[in-house]
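Q: Sharing model-v5.pdb, PDB, C-alpha atoms:
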```
ATOM      1  CA  MET A   1      -8.268  34.698  -7.389
ATOM      2  CA  ARG A   2      -6.944  35.592 -10.829
ATOM      3  CA  GLU A   3      -4.672  38.259  -9.378
ATOM      4  CA  LEU A   4      -3.479  35.931  -6.611
ATOM      5  CA  ASN A   5      -2.467  33.177  -9.053
ATOM      6  CA  GLU A   6      -1.213  35.384 -11.870
ATOM      7  CA  PRO A   7       2.482  35.365 -10.761
ATOM      8  CA  LEU A   8       2.523  31.551 -11.026
ATOM      9  CA  TYR A   9       1.851  31.481 -14.770
ATOM     10  CA  LEU A  10       3.547  33.107 -17.747
ATOM     11  CA  LEU A  11       0.363  33.185 -19.794
ATOM     12  CA  GLU A  12      -3.271  33.093 -18.768
ATOM     13  CA  THR A  13      -3.994  31.713 -15.311
ATOM     14  CA  PRO A  14      -6.002  28.470 -15.750
ATOM     15  CA  ILE A  15      -9.137  29.274 -13.771
ATOM     16  CA  THR A  16     -12.525  27.713 -14.449
ATOM     17  CA  VAL A  17     -15.611  29.466 -13.195
ATOM     18  CA  THR A  18     -18.498  27.057 -12.651
ATOM     19  CA  THR A  19     -21.309  26.096 -10.283
ATOM     20  CA  LEU A  20     -20.891  24.769  -6.763
ATOM     21  CA  GLU A  21     -22.217  21.350  -7.832
ATOM     22  CA  THR A  22     -19.740  21.061 -10.698
ATOM     23  CA  ALA A  23     -16.824  22.287  -8.587
ATOM     24  CA  GLU A  24     -17.593  19.733  -5.893
ATOM     25  CA  LEU A  25     -17.858  16.937  -8.420
ATOM     26  CA  VAL A  26     -14.553  17.947 -10.050
ATOM     27  CA  LYS A  27     -12.792  17.334  -6.757
ATOM     28  CA  TYR A  28     -14.508  14.027  -6.026
ATOM     29  CA  ALA A  29     -14.118  12.753  -9.582
ATOM     30  CA  SER A  30     -10.415  13.632  -9.722
ATOM     31  CA  ASN A  31      -9.535  11.799  -6.511
ATOM     32  CA  ALA A  32     -11.788   8.869  -7.381
ATOM     33  CA  PHE A  33     -10.063   8.513 -10.750
ATOM     34  CA  LEU A  34      -6.610   8.401  -9.136
ATOM     35  CA  ALA A  35      -7.873   5.884  -6.578
ATOM     36  CA  THR A  36      -9.242   3.843  -9.477
ATOM     37  CA  LYS A  37      -5.765   3.633 -11.007
ATOM     38  CA  ILE A  38      -4.412   2.288  -7.708
ATOM     39  CA  SER A  39      -7.138  -0.308  -7.295
ATOM     40  CA  PHE A  40      -6.828  -1.267 -10.948
ATOM     41  CA  ILE A  41      -3.105  -2.013 -10.744
ATOM     42  CA  ASN A  42      -3.671  -3.910  -7.489
ATOM     43  CA  GLU A  43      -6.194  -6.124  -9.263
ATOM     44  CA  VAL A  44      -3.648  -6.608 -12.052
ATOM     45  CA  ALA A  45      -1.080  -7.537  -9.399
ATOM     46  CA  ASN A  46      -3.380 -10.183  -7.935
ATOM     47  CA  LEU A  47      -3.862 -11.654 -11.404
ATOM     48  CA  CYS A  48      -0.096 -11.577 -12.004
ATOM     49  CA  GLU A  49       0.458 -13.731  -8.940
ATOM     50  CA  VAL A  50      -1.897 -16.379 -10.321
ATOM     51  CA  VAL A  51      -0.657 -16.503 -13.911
ATOM     52  CA  GLY A  52       3.051 -15.933 -13.231
ATOM     53  CA  ALA A  53       3.449 -12.383 -14.546
ATOM     54  CA  ASP A  54       5.329  -9.379 -13.145
ATOM     55  CA  VAL A  55       3.142  -6.398 -12.277
ATOM     56  CA  GLN A  56       6.069  -3.982 -12.263
ATOM     57  CA  THR A  57       6.792  -4.725 -15.897
ATOM     58  CA  VAL A  58       3.094  -4.550 -16.740
ATOM     59  CA  ALA A  59       2.794  -1.155 -15.019
ATOM     60  CA  ARG A  60       5.956   0.201 -16.621
ATOM     61  CA  VAL A  61       4.803  -0.662 -20.136
ATOM     62  CA  MET A  62       1.272   0.609 -19.431
ATOM     63  CA  GLY A  63       2.705   3.882 -18.180
ATOM     64  CA  GLN A  64       4.593   4.437 -21.426
ATOM     65  CA  ASP A  65       1.235   4.937 -23.107
ATOM     66  CA  ARG A  66       0.668   8.698 -22.801
ATOM     67  CA  ARG A  67      -3.060   8.152 -22.588
ATOM     68  CA  ILE A  68      -2.509   6.233 -19.334
ATOM     69  CA  GLY A  69       0.682   7.635 -17.795
ATOM     70  CA  PRO A  70       2.882   6.023 -15.121
ATOM     71  CA  LYS A  71       1.636   7.802 -12.006
ATOM     72  CA  PHE A  72      -0.435   5.884  -9.445
ATOM     73  CA  LEU A  73       0.327   2.559 -11.146
ATOM     74  CA  HIS A  74       2.229   1.126  -8.186
ATOM     75  CA  ALA A  75       0.902  -2.127  -6.766
ATOM     76  CA  GLY A  76       0.794  -2.366  -2.997
ATOM     77  CA  PRO A  77      -1.409  -2.686   0.077
ATOM     78  CA  GLY A  78      -3.997  -0.155  -1.069
ATOM     79  CA  TYR A  79      -4.527   3.583  -0.794
ATOM     80  CA  GLY A  80      -5.083   5.584   2.380
ATOM     81  CA  GLY A  81      -4.801   9.148   3.602
ATOM     82  CA  SER A  82      -7.222  11.983   4.143
ATOM     83  CA  CYS A  83      -8.579  12.299   0.588
ATOM     84  CA  PHE A  84      -8.925   9.087  -1.424
ATOM     85  CA  PRO A  85     -10.863   6.982   1.120
ATOM     86  CA  LYS A  86     -13.138   9.872   2.100
ATOM     87  CA  ASP A  87     -13.805  11.096  -1.434
ATOM     88  CA  THR A  88     -14.423   7.698  -3.012
ATOM     89  CA  MET A  89     -16.915   6.773  -0.290
ATOM     90  CA  ALA A  90     -18.573  10.193  -0.479
ATOM     91  CA  LEU A  91     -18.933  10.000  -4.253
ATOM     92  CA  ALA A  92     -20.375   6.498  -4.066
ATOM     93  CA  SER A  93     -22.752   7.527  -1.285
ATOM     94  CA  PHE A  94     -24.237  10.657  -2.807
ATOM     95  CA  ALA A  95     -24.424   9.008  -6.244
ATOM     96  CA  ARG A  96     -26.609   6.264  -4.720
ATOM     97  CA  ALA A  97     -28.700   8.868  -2.919
ATOM     98  CA  ALA A  98     -29.177  10.748  -6.188
ATOM     99  CA  GLY A  99     -30.424   7.597  -7.878
ATOM    100  CA  ALA A 100     -27.371   7.237 -10.133
ATOM    101  CA  PRO A 101     -25.179   4.576  -8.457
ATOM    102  CA  PHE A 102     -21.489   4.883  -9.353
ATOM    103  CA  ARG A 103     -20.712   1.177  -9.694
ATOM    104  CA  LEU A 104     -17.101   1.690 -10.716
ATOM    105  CA  VAL A 105     -16.229   3.758  -7.642
ATOM    106  CA  GLU A 106     -18.079   1.291  -5.420
ATOM    107  CA  ALA A 107     -15.858  -1.440  -6.853
ATOM    108  CA  VAL A 108     -12.748   0.681  -6.257
ATOM    109  CA  VAL A 109     -13.626   0.980  -2.567
ATOM    110  CA  GLU A 110     -14.323  -2.754  -2.326
ATOM    111  CA  VAL A 111     -11.045  -3.666  -4.041
ATOM    112  CA  ASN A 112      -9.095  -1.377  -1.721
ATOM    113  CA  GLU A 113     -10.584  -2.956   1.387
ATOM    114  CA  ARG A 114      -9.924  -6.468   0.086
ATOM    115  CA  GLN A 115      -6.352  -5.600  -0.822
ATOM    116  CA  LYS A 116      -5.476  -4.964   2.801
ATOM    117  CA  SER A 117      -6.855  -8.325   3.876
ATOM    118  CA  LEU A 118      -4.852  -9.992   1.099
ATOM    119  CA  MET A 119      -1.664  -8.587   2.654
ATOM    120  CA  VAL A 120      -2.528 -10.400   5.893
ATOM    121  CA  ALA A 121      -3.125 -13.558   3.873
ATOM    122  CA  LYS A 122       0.350 -13.171   2.350
ATOM    123  CA  ALA A 123       1.899 -13.181   5.805
ATOM    124  CA  LYS A 124      -0.129 -16.197   6.835
ATOM    125  CA  ALA A 125       0.884 -18.110   3.714
ATOM    126  CA  ALA A 126       4.561 -17.243   4.180
ATOM    127  CA  LEU A 127       4.602 -18.378   7.822
ATOM    128  CA  LYS A 128       1.989 -21.178   7.461
ATOM    129  CA  SER A 129       0.245 -19.744  10.510
ATOM    130  CA  LEU A 130       0.311 -16.365  12.262
ATOM    131  CA  LYS A 131      -0.618 -17.712  15.679
ATOM    132  CA  GLY A 132       2.249 -17.099  18.061
ATOM    133  CA  LYS A 133       4.374 -15.428  15.363
ATOM    134  CA  ARG A 134       5.911 -11.976  15.662
ATOM    135  CA  VAL A 135       5.804  -9.613  12.699
ATOM    136  CA  ALA A 136       8.158  -6.660  12.307
ATOM    137  CA  VAL A 137       6.094  -3.919  10.638
ATOM    138  CA  LEU A 138       8.136  -1.251   8.871
ATOM    139  CA  GLY A 139       6.083   1.836   8.079
ATOM    140  CA  LEU A 140       2.844   3.024   9.658
ATOM    141  CA  THR A 141       1.921   6.252   7.848
ATOM    142  CA  PHE A 142      -0.186   6.135   4.676
ATOM    143  CA  LYS A 143       2.768   7.439   2.659
ATOM    144  CA  PRO A 144       6.388   8.420   3.385
ATOM    145  CA  ASN A 145       7.572  11.850   4.529
ATOM    146  CA  THR A 146       4.512  12.552   6.668
ATOM    147  CA  ASP A 147       3.238  11.699  10.141
ATOM    148  CA  ASP A 148      -0.301  11.256   8.772
ATOM    149  CA  ILE A 149      -1.854   7.893   9.687
ATOM    150  CA  ARG A 150      -5.406   8.686   8.563
ATOM    151  CA  GLU A 151      -6.842   5.586   6.851
ATOM    152  CA  ALA A 152      -3.294   4.184   6.616
ATOM    153  CA  PRO A 153      -3.305   0.609   5.247
ATOM    154  CA  ALA A 154      -0.937  -0.384   8.051
ATOM    155  CA  LEU A 155      -3.702   0.069  10.631
ATOM    156  CA  ASP A 156      -6.074  -2.434   9.034
ATOM    157  CA  ILE A 157      -3.246  -4.810   8.184
ATOM    158  CA  MET A 158      -1.963  -4.813  11.767
ATOM    159  CA  ALA A 159      -5.499  -5.355  13.060
ATOM    160  CA  GLY A 160      -5.748  -8.393  10.797
ATOM    161  CA  LEU A 161      -2.406  -9.729  11.990
ATOM    162  CA  LEU A 162      -3.473  -9.379  15.608
ATOM    163  CA  ARG A 163      -6.800 -11.125  14.972
ATOM    164  CA  ALA A 164      -4.868 -14.020  13.447
ATOM    165  CA  GLY A 165      -2.842 -14.414  16.643
ATOM    166  CA  ALA A 166       0.366 -12.590  15.719
ATOM    167  CA  SER A 167       2.242 -10.070  17.824
ATOM    168  CA  ILE A 168       3.750  -6.937  16.288
ATOM    169  CA  THR A 169       6.834  -4.822  16.726
ATOM    170  CA  ALA A 170       6.626  -1.692  14.596
ATOM    171  CA  TYR A 171       8.854   1.138  13.505
ATOM    172  CA  ASP A 172       8.083   4.300  11.560
ATOM    173  CA  PRO A 173      10.205   7.461  11.424
ATOM    174  CA  MET A 174       7.279   9.786  12.197
ATOM    175  CA  GLY A 175       4.040   7.895  12.739
ATOM    176  CA  MET A 176       4.616   5.982  15.985
ATOM    177  CA  PRO A 177       3.328   8.639  18.422
ATOM    178  CA  HIS A 178       0.015   8.863  16.555
ATOM    179  CA  VAL A 179      -0.438   5.089  16.350
ATOM    180  CA  GLY A 180       0.534   4.798  19.988
ATOM    181  CA  ALA A 181      -2.378   7.071  20.896
ATOM    182  CA  LEU A 182      -4.885   4.725  19.224
ATOM    183  CA  PRO A 183      -6.403   1.630  20.890
ATOM    184  CA  ILE A 184      -4.365  -0.615  18.570
ATOM    185  CA  GLY A 185      -1.217   1.133  19.790
ATOM    186  CA  ARG A 186      -1.623  -0.502  23.192
ATOM    187  CA  ARG A 187      -1.442  -3.926  21.556
ATOM    188  CA  ILE A 188       1.824  -3.487  19.664
ATOM    189  CA  ALA A 189       5.429  -2.772  20.612
ATOM    190  CA  PHE A 190       7.455   0.062  19.109
ATOM    191  CA  ALA A 191      11.144  -0.100  18.226
ATOM    192  CA  ASP A 192      13.791   2.617  18.132
ATOM    193  CA  ASP A 193      14.836   1.813  14.574
ATOM    194  CA  ALA A 194      14.180  -0.632  11.750
ATOM    195  CA  TYR A 195      16.812  -3.160  12.775
ATOM    196  CA  ALA A 196      15.584  -3.203  16.377
ATOM    197  CA  ALA A 197      12.097  -3.996  15.076
ATOM    198  CA  LEU A 198      13.522  -6.974  13.176
ATOM    199  CA  ASP A 199      15.218  -8.569  16.182
ATOM    200  CA  GLY A 200      13.760 -12.036  16.721
ATOM    201  CA  ALA A 201      10.755 -11.464  14.442
ATOM    202  CA  ASP A 202       9.388 -14.260  12.279
ATOM    203  CA  CYS A 203       9.093 -11.961   9.283
ATOM    204  CA  ALA A 204       9.584  -8.377   8.174
ATOM    205  CA  MET A 205       6.591  -6.642   6.585
ATOM    206  CA  LEU A 206       7.425  -3.406   4.763
ATOM    207  CA  ILE A 207       4.264  -1.317   4.379
ATOM    208  CA  THR A 208       5.377   2.295   3.837
ATOM    209  CA  GLU A 209       8.208   3.064   1.416
ATOM    210  CA  TRP A 210      10.286   5.445   3.511
ATOM    211  CA  ASN A 211      13.685   6.161   1.937
ATOM    212  CA  GLU A 212      15.520   4.710   4.918
ATOM    213  CA  PHE A 213      13.794   1.375   4.307
ATOM    214  CA  ARG A 214      15.031   1.320   0.694
ATOM    215  CA  THR A 215      18.642   1.011   1.820
ATOM    216  CA  LEU A 216      18.432  -1.588   4.579
ATOM    217  CA  ASP A 217      21.250  -4.132   4.589
ATOM    218  CA  LEU A 218      19.492  -7.342   3.532
ATOM    219  CA  LYS A 219      22.149  -9.616   4.988
ATOM    220  CA  ARG A 220      21.901  -7.778   8.282
ATOM    221  CA  MET A 221      18.128  -8.105   8.055
ATOM    222  CA  LYS A 222      18.447 -11.872   7.694
ATOM    223  CA  LYS A 223      20.678 -12.090  10.764
ATOM    224  CA  ARG A 224      18.243 -10.101  12.861
ATOM    225  CA  LEU A 225      15.158 -12.115  11.901
ATOM    226  CA  ARG A 226      14.300 -15.429  13.521
ATOM    227  CA  ARG A 227      12.912 -16.591  10.167
ATOM    228  CA  PRO A 228      14.365 -15.039   6.997
ATOM    229  CA  VAL A 229      11.077 -13.842   5.488
ATOM    230  CA  LEU A 230      10.646 -10.435   3.853
ATOM    231  CA  LEU A 231       7.144  -9.316   2.859
ATOM    232  CA  ASP A 232       7.812  -6.330   0.609
ATOM    233  CA  LEU A 233       4.368  -4.776   0.123
ATOM    234  CA  ARG A 234       5.790  -1.892  -1.929
ATOM    235  CA  ASN A 235       8.111  -3.889  -4.211
ATOM    236  CA  ILE A 236      11.065  -1.665  -3.372
ATOM    237  CA  TYR A 237      13.611  -4.489  -3.213
ATOM    238  CA  ASP A 238      14.907  -6.649  -6.020
ATOM    239  CA  ALA A 239      13.688 -10.192  -5.490
ATOM    240  CA  ASP A 240      16.944 -11.772  -6.715
ATOM    241  CA  GLU A 241      19.050  -9.597  -4.406
ATOM    242  CA  ALA A 242      16.852 -10.498  -1.446
ATOM    243  CA  LYS A 243      17.145 -14.190  -2.259
ATOM    244  CA  ALA A 244      20.920 -13.862  -2.660
ATOM    245  CA  ALA A 245      21.012 -12.437   0.866
ATOM    246  CA  GLY A 246      19.274 -15.591   2.110
ATOM    247  CA  LEU A 247      15.788 -14.119   2.466
ATOM    248  CA  THR A 248      12.498 -15.637   1.412
ATOM    249  CA  TYR A 249      11.095 -12.771  -0.625
ATOM    250  CA  VAL A 250       7.377 -12.087  -1.072
ATOM    251  CA  GLY A 251       6.351  -9.077  -3.145
ATOM    252  CA  VAL A 252       3.061  -7.874  -4.608
ATOM    253  CA  GLY A 253       2.154  -8.990  -8.110
ATOM    254  CA  GLN A 254       5.319 -10.982  -8.665
ATOM    255  CA  GLY A 255       4.018 -14.397  -9.528
ATOM    256  CA  ALA A 256       6.149 -17.445 -10.280
ATOM    257  CA  PRO A 257       5.572 -18.913 -13.752
ATOM    258  CA  PRO A 258       3.046 -21.762 -13.554
ATOM    259  CA  ARG A 259       4.555 -25.231 -13.602
ATOM    260  CA  LYS A 260       4.154 -27.245 -16.751
ATOM    261  CA  LYS A 261       2.420 -30.570 -16.521
ATOM    262  CA  GLY A 262       4.788 -33.380 -15.741
ATOM    263  CA  THR A 263       7.332 -31.176 -13.949
ATOM    264  CA  ARG A 264       8.146 -30.897 -10.258
TER     265      ARG A 264
END
```
Would you write out, as structure tokens, the structure that this file holds?
A:
Amino acid sequence: MRELNEPLYLLETPITVTTLETAELVKYASNAFLATKISFINEVANLCEVVGADVQTVARVMGQDRRIGPKFLHAGPGYGGSCFPKDTMALASFARAAGAPFRLVEAVVEVNERQKSLMVAKAKAALKSLKGKRVAVLGLTFKPNTDDIREAPALDIMAGLLRAGASITAYDPMGMPHVGALPIGRRIAFADDAYAALDGADCAMLITEWNEFRTLDLKRMKKRLRRPVLLDLRNIYDADEAKAAGLTYVGVGQGAPPRKKGTR
């Protein structure tokens, strides 16, 4: 292993030799810590919405502290993929079995599950009711630039939308064939592109931050939608620009300042 990795480093190759138990825990602890950062900033985002703060500013200033760092401090619909969900649940499970419950990781898993249901609640609040409404879902994979839908937040969010009586038209650059092969895929419609998904929908819900979704024409989006509602679950659009285009903008962790007593 040292010889294999030696060309990658100018000085000594950073290899740690340890026991199987320690090596396994290194992997679980590392992924659980990163998942903790995601759940933490999502909890901060939920608080921001109540008190009228901006989570993006909070995260940016937090990230300037070198002890914290800016990575994984992006509020959104929760983490997914092949590693974080599996490793956090595994760590919590074998810690309980060993008689040393990992309460923090258990809370991280709980927060992540609740975050997805809160995204459904956002849609319901924006449309007053989801029954009979059509939602244009943009992004199905757990992150951009992959076709991986394992534990993707979009799957649970769409299931929640369907349970609430909504219909769904979805578009993703790479993930649609995989979602189409799932039972939930038989209950949703797929579009050829983002704008086609928007046609006649009561709101747009952006779940995965693909680059092509970052440059959508907001005025064109408004014309395509039946109701001009944009649920930006990744905070990739500027709220003022969206409003200037005539859209009702709903982000994550972008709370309006609380009204003072005596004002309307």
Q: List, as a list in words, every residue that the PyMOL selection byres ((chain A and resi 182-191) around 9) selects in the file provided.
A: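 That selection, the PyMOL selection byres ((chain A and resi 182-191) around 9), comes back as Leu155, Met158, Ala159, Leu162, Ser167, Ile168, Thr169, Ala170, Tyr171, Asp172, Met176, Pro177, His178, Val179, Gly180, Ala181, Asp192, Asp193, Ala194, Tyr195, Ala196, Ala197 and Leu198 of chain A.
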Q: Would you output that residue set with C-alpha atoms, as a PDB file, in the frame of the given file?
A:
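Written output follows (again.pdb):
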```pdb
ATOM      1  CA  LEU A 155      -3.702   0.069  10.631  1.00  0.00           C
ATOM      2  CA  MET A 158      -1.963  -4.813  11.767  1.00  0.00           C
ATOM      3  CA  ALA A 159      -5.499  -5.355  13.060  1.00  0.00           C
ATOM      4  CA  LEU A 162      -3.473  -9.379  15.608  1.00  0.00           C
ATOM      5  CA  SER A 167       2.242 -10.070  17.824  1.00  0.00           C
ATOM      6  CA  ILE A 168       3.750  -6.937  16.288  1.00  0.00           C
ATOM      7  CA  THR A 169       6.834  -4.822  16.726  1.00  0.00           C
ATOM      8  CA  ALA A 170       6.626  -1.692  14.596  1.00  0.00           C
ATOM      9  CA  TYR A 171       8.854   1.138  13.505  1.00  0.00           C
ATOM     10  CA  ASP A 172       8.083   4.300  11.560  1.00  0.00           C
ATOM     11  CA  MET A 176       4.616   5.982  15.985  1.00  0.00           C
ATOM     12  CA  PRO A 177       3.328   8.639  18.422  1.00  0.00           C
ATOM     13  CA  HIS A 178       0.015   8.863  16.555  1.00  0.00           C
ATOM     14  CA  VAL A 179      -0.438   5.089  16.350  1.00  0.00           C
ATOM     15  CA  GLY A 180       0.534   4.798  19.988  1.00  0.00           C
ATOM     16  CA  ALA A 181      -2.378   7.071  20.896  1.00  0.00           C
ATOM     17  CA  ASP A 192      13.791   2.617  18.132  1.00  0.00           C
ATOM     18  CA  ASP A 193      14.836   1.813  14.574  1.00  0.00           C
ATOM     19  CA  ALA A 194      14.180  -0.632  11.750  1.00  0.00           C
ATOM     20  CA  TYR A 195      16.812  -3.160  12.775  1.00  0.00           C
ATOM     21  CA  ALA A 196      15.584  -3.203  16.377  1.00  0.00           C
ATOM     22  CA  ALA A 197      12.097  -3.996  15.076  1.00  0.00           C
ATOM     23  CA  LEU A 198      13.522  -6.974  13.176  1.00  0.00           C
TER      24      LEU A 198
END
```
Q: Give me the residues within 9 Å of stretch 87-103 of chain A as a list in words, counting all atoms listed in the file and dropping any in the same chain fewer than 6 places off.
A: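 Here the qualifying residues turn out to be Leu25, Lys27, Tyr28, Ala29, Asn31, Ala32, Phe33, Ala35 and Val109 of chain A.
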Q: Please write as a compact mmCIF listing (two decimals) with C-alpha atoms, keeping the file's coordinate frame the full residue list that the PyMOL selection byres ((chain A and resi 46) around 12) yields on this file.
A:
```
# COMPACT_ATOMS: atom_id res chain seq x y z
CA SER A 39 -7.14 -0.31 -7.30
CA PHE A 40 -6.83 -1.27 -10.95
CA ILE A 41 -3.10 -2.01 -10.74
CA ASN A 42 -3.67 -3.91 -7.49
CA GLU A 43 -6.19 -6.12 -9.26
CA VAL A 44 -3.65 -6.61 -12.05
CA ALA A 45 -1.08 -7.54 -9.40
CA LEU A 47 -3.86 -11.65 -11.40
CA CYS A 48 -0.10 -11.58 -12.00
CA GLU A 49 0.46 -13.73 -8.94
CA VAL A 50 -1.90 -16.38 -10.32
CA VAL A 51 -0.66 -16.50 -13.91
CA GLY A 52 3.05 -15.93 -13.23
CA ALA A 53 3.45 -12.38 -14.55
CA ASP A 54 5.33 -9.38 -13.14
CA VAL A 55 3.14 -6.40 -12.28
CA ALA A 75 0.90 -2.13 -6.77
CA GLY A 76 0.79 -2.37 -3.00
CA PRO A 77 -1.41 -2.69 0.08
CA VAL A 111 -11.04 -3.67 -4.04
CA ARG A 114 -9.92 -6.47 0.09
CA GLN A 115 -6.35 -5.60 -0.82
CA LEU A 118 -4.85 -9.99 1.10
CA MET A 119 -1.66 -8.59 2.65
CA LYS A 122 0.35 -13.17 2.35
CA GLY A 251 6.35 -9.08 -3.14
CA VAL A 252 3.06 -7.87 -4.61
CA GLY A 253 2.15 -8.99 -8.11
CA GLN A 254 5.32 -10.98 -8.66
CA GLY A 255 4.02 -14.40 -9.53
```
Q: Provide the atom CA of A:Gln56 to atom CA of A:Lys143 distance in Å, to one decimal place.
A: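 For atom CA of A:Gln56 relative to atom CA of A:Lys143, the distance reads 19.1 Å.
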Q: Report as a ChimeraX atom specification the full result of the PyMOL selection byres ((chain A and resi 62) around 12) when it is applied to this structure.
A: /A:37,40-41,44,55-61,63-74
Q: Hey, can you check how far atom CA of A:Arg224 sits from atom CA of A:Pro153?
A: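 These atoms are spaced 25.2 Å apart.
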